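A.B. asks: One file is attached below, entry.pdb, containing PDB, C-alpha atoms, pLDDT in the B column.
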ATOM      1  CA  MET A 810     -25.862  -9.360   0.692  1.00 90.00           C
ATOM      2  CA  ARG A 811     -24.356 -11.420  -2.112  1.00 84.00           C
ATOM      3  CA  HIS A 812     -22.611  -8.724  -4.125  1.00 92.00           C
ATOM      4  CA  HIS A 813     -20.363 -10.184  -6.858  1.00 87.00           C
ATOM      5  CA  VAL A 814     -20.937 -13.784  -5.710  1.00 86.00           C
ATOM      6  CA  ASP A 815     -21.493 -15.608  -8.984  1.00 85.00           C
ATOM      7  CA  HIS A 816     -20.816 -19.270  -8.247  1.00 88.00           C
ATOM      8  CA  ARG A 817     -21.865 -22.018  -5.855  1.00 88.00           C
ATOM      9  CA  THR A 818     -19.347 -23.239  -3.285  1.00 90.00           C
ATOM     10  CA  LEU A 819     -20.760 -26.799  -3.168  1.00 90.00           C
ATOM     11  CA  GLY A 820     -19.631 -27.104   0.455  1.00 89.00           C
ATOM     12  CA  ARG A 821     -15.951 -27.206  -0.516  1.00 92.00           C
ATOM     13  CA  TYR A 822     -13.019 -24.825  -0.420  1.00 93.00           C
ATOM     14  CA  GLY A 823     -11.814 -23.378  -3.697  1.00 91.00           C
ATOM     15  CA  SER A 824      -9.010 -25.734  -4.712  1.00 93.00           C
ATOM     16  CA  HIS A 825     -11.062 -28.856  -3.891  1.00 94.00           C
ATOM     17  CA  ARG A 826     -14.038 -27.471  -5.809  1.00 93.00           C
ATOM     18  CA  GLY A 827     -11.902 -26.699  -8.861  1.00 93.00           C
ATOM     19  CA  LEU A 828     -10.388 -30.182  -8.901  1.00 94.00           C
ATOM     20  CA  MET A 829     -13.789 -31.824  -8.409  1.00 94.00           C
ATOM     21  CA  LEU A 830     -15.308 -29.873 -11.309  1.00 95.00           C
ATOM     22  CA  GLY A 831     -12.275 -30.660 -13.490  1.00 95.00           C
ATOM     23  CA  ASN A 832     -12.671 -34.369 -12.768  1.00 96.00           C
ATOM     24  CA  MET A 833     -16.401 -34.190 -13.471  1.00 96.00           C
ATOM     25  CA  ALA A 834     -15.699 -32.399 -16.769  1.00 96.00           C
ATOM     26  CA  ALA A 835     -13.221 -35.145 -17.716  1.00 96.00           C
ATOM     27  CA  SER A 836     -15.882 -37.787 -16.993  1.00 96.00           C
ATOM     28  CA  LEU A 837     -18.406 -35.830 -19.046  1.00 96.00           C
ATOM     29  CA  PHE A 838     -16.069 -35.620 -22.039  1.00 96.00           C
ATOM     30  CA  LEU A 839     -15.090 -39.306 -21.838  1.00 96.00           C
ATOM     31  CA  ASN A 840     -18.599 -40.721 -21.285  1.00 95.00           C
ATOM     32  CA  GLY A 841     -20.818 -38.155 -22.997  1.00 94.00           C
ATOM     33  CA  SER A 842     -23.139 -37.826 -19.993  1.00 96.00           C
ATOM     34  CA  ILE A 843     -23.019 -38.186 -16.211  1.00 97.00           C
ATOM     35  CA  THR A 844     -25.604 -38.326 -13.415  1.00 97.00           C
ATOM     36  CA  THR A 845     -25.117 -35.921 -10.525  1.00 96.00           C
ATOM     37  CA  THR A 846     -27.058 -33.461  -8.383  1.00 96.00           C
ATOM     38  CA  VAL A 847     -28.752 -30.498 -10.049  1.00 96.00           C
ATOM     39  CA  THR A 848     -26.504 -27.976  -8.269  1.00 95.00           C
ATOM     40  CA  ARG A 849     -23.308 -29.737  -9.328  1.00 96.00           C
ATOM     41  CA  ALA A 850     -24.632 -30.104 -12.872  1.00 96.00           C
ATOM     42  CA  LYS A 851     -25.267 -26.366 -13.108  1.00 96.00           C
ATOM     43  CA  GLU A 852     -21.729 -25.576 -11.931  1.00 96.00           C
ATOM     44  CA  LEU A 853     -20.266 -28.257 -14.197  1.00 96.00           C
ATOM     45  CA  ARG A 854     -22.067 -26.711 -17.169  1.00 96.00           C
ATOM     46  CA  ARG A 855     -20.166 -23.446 -16.594  1.00 94.00           C
ATOM     47  CA  VAL A 856     -16.808 -25.230 -16.477  1.00 95.00           C
ATOM     48  CA  ALA A 857     -17.441 -27.647 -19.362  1.00 95.00           C
ATOM     49  CA  GLU A 858     -18.746 -25.009 -21.765  1.00 94.00           C
ATOM     50  CA  LYS A 859     -15.756 -22.765 -21.122  1.00 94.00           C
ATOM     51  CA  LEU A 860     -13.402 -25.703 -21.745  1.00 95.00           C
ATOM     52  CA  ILE A 861     -15.128 -26.594 -25.024  1.00 94.00           C
ATOM     53  CA  THR A 862     -15.007 -22.965 -26.165  1.00 93.00           C
ATOM     54  CA  ARG A 863     -11.275 -22.885 -25.342  1.00 93.00           C
ATOM     55  CA  ALA A 864     -10.702 -26.149 -27.199  1.00 94.00           C
ATOM     56  CA  ARG A 865     -12.354 -24.734 -30.307  1.00 93.00           C
ATOM     57  CA  GLY A 866      -9.445 -22.290 -30.600  1.00 90.00           C
ATOM     58  CA  GLY A 867      -6.813 -25.035 -30.630  1.00 87.00           C
ATOM     59  CA  SER A 868      -3.761 -22.823 -29.996  1.00 92.00           C
ATOM     60  CA  VAL A 869      -0.916 -23.794 -27.682  1.00 96.00           C
ATOM     61  CA  HIS A 870      -2.191 -21.312 -25.118  1.00 96.00           C
ATOM     62  CA  ASP A 871      -5.657 -22.891 -25.259  1.00 95.00           C
ATOM     63  CA  ILE A 872      -4.143 -26.339 -24.691  1.00 94.00           C
ATOM     64  CA  ARG A 873      -2.245 -25.083 -21.641  1.00 95.00           C
ATOM     65  CA  VAL A 874      -5.338 -23.393 -20.182  1.00 95.00           C
ATOM     66  CA  VAL A 875      -7.426 -26.556 -20.631  1.00 95.00           C
ATOM     67  CA  PHE A 876      -4.739 -28.707 -19.002  1.00 95.00           C
ATOM     68  CA  SER A 877      -4.535 -26.318 -16.053  1.00 94.00           C
ATOM     69  CA  LYS A 878      -8.291 -26.649 -15.451  1.00 93.00           C
ATOM     70  CA  MET A 879      -8.590 -30.359 -16.316  1.00 92.00           C
ATOM     71  CA  PRO A 880      -5.317 -32.306 -15.987  1.00 89.00           C
ATOM     72  CA  HIS A 881      -6.670 -35.532 -17.511  1.00 93.00           C
ATOM     73  CA  LYS A 882      -4.684 -36.360 -20.638  1.00 94.00           C
ATOM     74  CA  GLN A 883      -7.147 -38.777 -22.241  1.00 96.00           C
ATOM     75  CA  ALA A 884     -10.128 -36.454 -21.703  1.00 96.00           C
ATOM     76  CA  ALA A 885      -8.214 -33.429 -23.014  1.00 94.00           C
ATOM     77  CA  THR A 886      -7.148 -35.352 -26.102  1.00 95.00           C
ATOM     78  CA  LYS A 887     -10.738 -36.386 -26.793  1.00 96.00           C
ATOM     79  CA  LEU A 888     -11.877 -32.805 -26.178  1.00 95.00           C
ATOM     80  CA  PHE A 889      -9.472 -31.316 -28.728  1.00 95.00           C
ATOM     81  CA  GLN A 890      -9.689 -34.072 -31.366  1.00 95.00           C
ATOM     82  CA  ASP A 891     -13.327 -35.214 -31.231  1.00 94.00           C
ATOM     83  CA  ILE A 892     -15.582 -32.838 -29.289  1.00 93.00           C
ATOM     84  CA  ALA A 893     -14.335 -29.363 -30.254  1.00 92.00           C
ATOM     85  CA  PRO A 894     -14.488 -29.942 -34.044  1.00 93.00           C
ATOM     86  CA  LYS A 895     -18.193 -30.866 -33.736  1.00 91.00           C
ATOM     87  CA  TYR A 896     -18.945 -27.372 -32.405  1.00 90.00           C
ATOM     88  CA  LYS A 897     -16.536 -25.460 -34.651  1.00 87.00           C
ATOM     89  CA  ASP A 898     -19.167 -23.672 -36.757  1.00 83.00           C
ATOM     90  CA  PHE A 899     -21.512 -22.664 -33.934  1.00 76.00           C
ATOM     91  CA  ASP A 900     -21.777 -19.748 -31.530  1.00 80.00           C
ATOM     92  CA  LYS A 901     -20.146 -19.941 -28.118  1.00 75.00           C
ATOM     93  CA  GLY A 902     -22.084 -21.895 -25.539  1.00 84.00           C
ATOM     94  CA  GLY A 903     -25.013 -24.308 -25.587  1.00 89.00           C
ATOM     95  CA  TYR A 904     -22.907 -27.459 -25.749  1.00 92.00           C
ATOM     96  CA  THR A 905     -24.525 -29.204 -22.761  1.00 94.00           C
ATOM     97  CA  ARG A 906     -28.039 -30.146 -21.674  1.00 96.00           C
ATOM     98  CA  ILE A 907     -29.295 -30.718 -18.118  1.00 97.00           C
ATOM     99  CA  VAL A 908     -32.248 -33.091 -17.696  1.00 97.00           C
ATOM    100  CA  LYS A 909     -33.746 -33.280 -14.204  1.00 97.00           C
ATOM    101  CA  LEU A 910     -34.490 -36.784 -12.907  1.00 96.00           C
ATOM    102  CA  GLY A 911     -36.248 -36.239  -9.569  1.00 95.00           C
ATOM    103  CA  ALA A 912     -35.165 -36.854  -5.990  1.00 97.00           C
ATOM    104  CA  ARG A 913     -32.480 -39.322  -4.902  1.00 95.00           C
ATOM    105  CA  LYS A 914     -33.934 -42.074  -2.733  1.00 94.00           C
ATOM    106  CA  GLY A 915     -31.430 -41.848   0.114  1.00 93.00           C
ATOM    107  CA  ASP A 916     -31.487 -38.164   1.021  1.00 95.00           C
ATOM    108  CA  GLY A 917     -34.018 -36.571  -1.338  1.00 95.00           C
ATOM    109  CA  SER A 918     -31.415 -34.534  -3.212  1.00 96.00           C
ATOM    110  CA  PRO A 919     -32.595 -33.448  -6.679  1.00 97.00           C
ATOM    111  CA  MET A 920     -30.719 -35.377  -9.367  1.00 97.00           C
ATOM    112  CA  ALA A 921     -29.979 -34.572 -12.998  1.00 97.00           C
ATOM    113  CA  VAL A 922     -28.197 -35.905 -16.066  1.00 98.00           C
ATOM    114  CA  ILE A 923     -25.812 -33.549 -17.818  1.00 97.00           C
ATOM    115  CA  GLU A 924     -24.929 -34.514 -21.372  1.00 96.00           C
ATOM    116  CA  LEU A 925     -23.233 -33.153 -24.448  1.00 94.00           C
ATOM    117  CA  VAL A 926     -25.667 -31.894 -27.068  1.00 92.00           C
ATOM    118  CA  GLU A 927     -25.552 -33.350 -30.560  1.00 85.00           C
ATOM    119  CA  ARG A 928     -25.969 -30.405 -32.903  1.00 66.00           C
ATOM    120  CA  LYS A 929     -26.628 -30.640 -36.600  1.00 64.00           C
ATOM    121  CA  ALA A 930     -25.544 -28.167 -39.282  1.00 54.00           C
ATOM    122  CA  ASP A 931     -29.152 -27.372 -40.217  1.00 52.00           C
ATOM    123  CA  GLU A 932     -29.804 -26.092 -36.659  1.00 59.00           C
ATOM    124  CA  GLN A 933     -27.249 -23.350 -37.181  1.00 55.00           C
ATOM    125  CA  LYS A 934     -28.596 -19.785 -37.133  1.00 52.00           C
TER     126      LYS A 934
END
Write out the structure in this file as structure tokens.
C.D. replies:
Amino acid sequence: MRHHVDHRTLGRYGSHRGLMLGNMAASLFLNGSITTTVTRAKELRRVAEKLITRARGGSVHDIRVVFSKMPHKQAATKLFQDIAPKYKDFDKGGYTRIVKLGARKGDGSPMAVIELVERKADEQK
């Protein structure tokens, strides 16, 4: 039974998984979109959306929490200065989009693109 198991292990132990997802989040923030497997994209969405929500706050504590999860200075700077202000007036969540691409040729693994969503003010509820 899978009581209280709410995340995917991705075949890695906890510290490696956390660092991998932090690096993937940094790449997502720097490039705007990345191509990865569907499973990794779904886990990355959880991490990236929490980081963007934290960055919207902008306090010193929020900066320290983001750096503890994603210790990439350039990506964190872009997150706080460019990305977070775009989502300032919106509800929490919904900052990323996952588009499925099909199977990878080598091993048949399902692939996807995860990207940051461009939201306009007129889409606001």
A.B. asks: Work out how far apart CA of Arg865 in chain A and CA of Ala893 in chain A are and give it in Å to one decimal.
C.D. replies: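 Atom-to-atom, CA of Arg865 in chain A to CA of Ala893 in chain A, that is 5.0 Å.
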A.B. asks: Give me, as a PyMOL selection string, all polymer residues having an atom no more than 12 Å from range 871-879 of chain A, counting all atoms listed in the file and skipping those fewer than 4 positions away in the same chain.
C.D. replies: chain A and resi 824+826-838+856-867+883-886+888-890+893
A.B. asks: Take the PyMOL selection byres ((chain A and resi 849) around 12), apply it to the structure above, and return the hits as a ChimeraX atom specification.
C.D. replies: /A:816-821,826-827,829-831,833-834,843-848,850-857,907,918-923
A.B. asks: What does the distance from CA of Lys897 in chain A to CA of Val926 in chain A come to in Å, to one decimal?
C.D. replies: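 Atom-to-atom, CA of Lys897 in chain A and CA of Val926 in chain A are spaced 13.5 Å apart.
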A.B. asks: Counting all atoms listed in the file, figure out which residue out of A:Val814, A:Leu925, A:Val869, A:Ala912 gets nearest to Leu839 in chain A.
C.D. replies: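 Selected residue with least distance to Leu839 in chain A: A:Leu925.
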A.B. asks: Kindly list the centre and edge lengths in Å, rounded to one decimal, for the axis-aligned box that covers all listed atoms of range 877-882 of chain A plus 4 Å on each of its six sides, as AutoDock Vina command-line options.
C.D. replies:
--center_x -6.6 --center_y -31.3 --center_z -18.0 --size_x 12.1 --size_y 18.0 --size_z 13.2
A.B. asks: Record the distance separating CA of Pro880 in chain A and CA of Asp900 in chain A, expressed in Å with one decimal.
C.D. replies: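 It comes out at 25.9 Å.
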A.B. asks: With only C-alpha atoms as the atoms that count, which of A:Pro894, A:Lys887, A:His870, A:Ser842 lies nearest to Arg906 in chain A?
C.D. replies: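 Counting only C-alpha atoms, the residue closest to Arg906 in chain A is A:Ser842.
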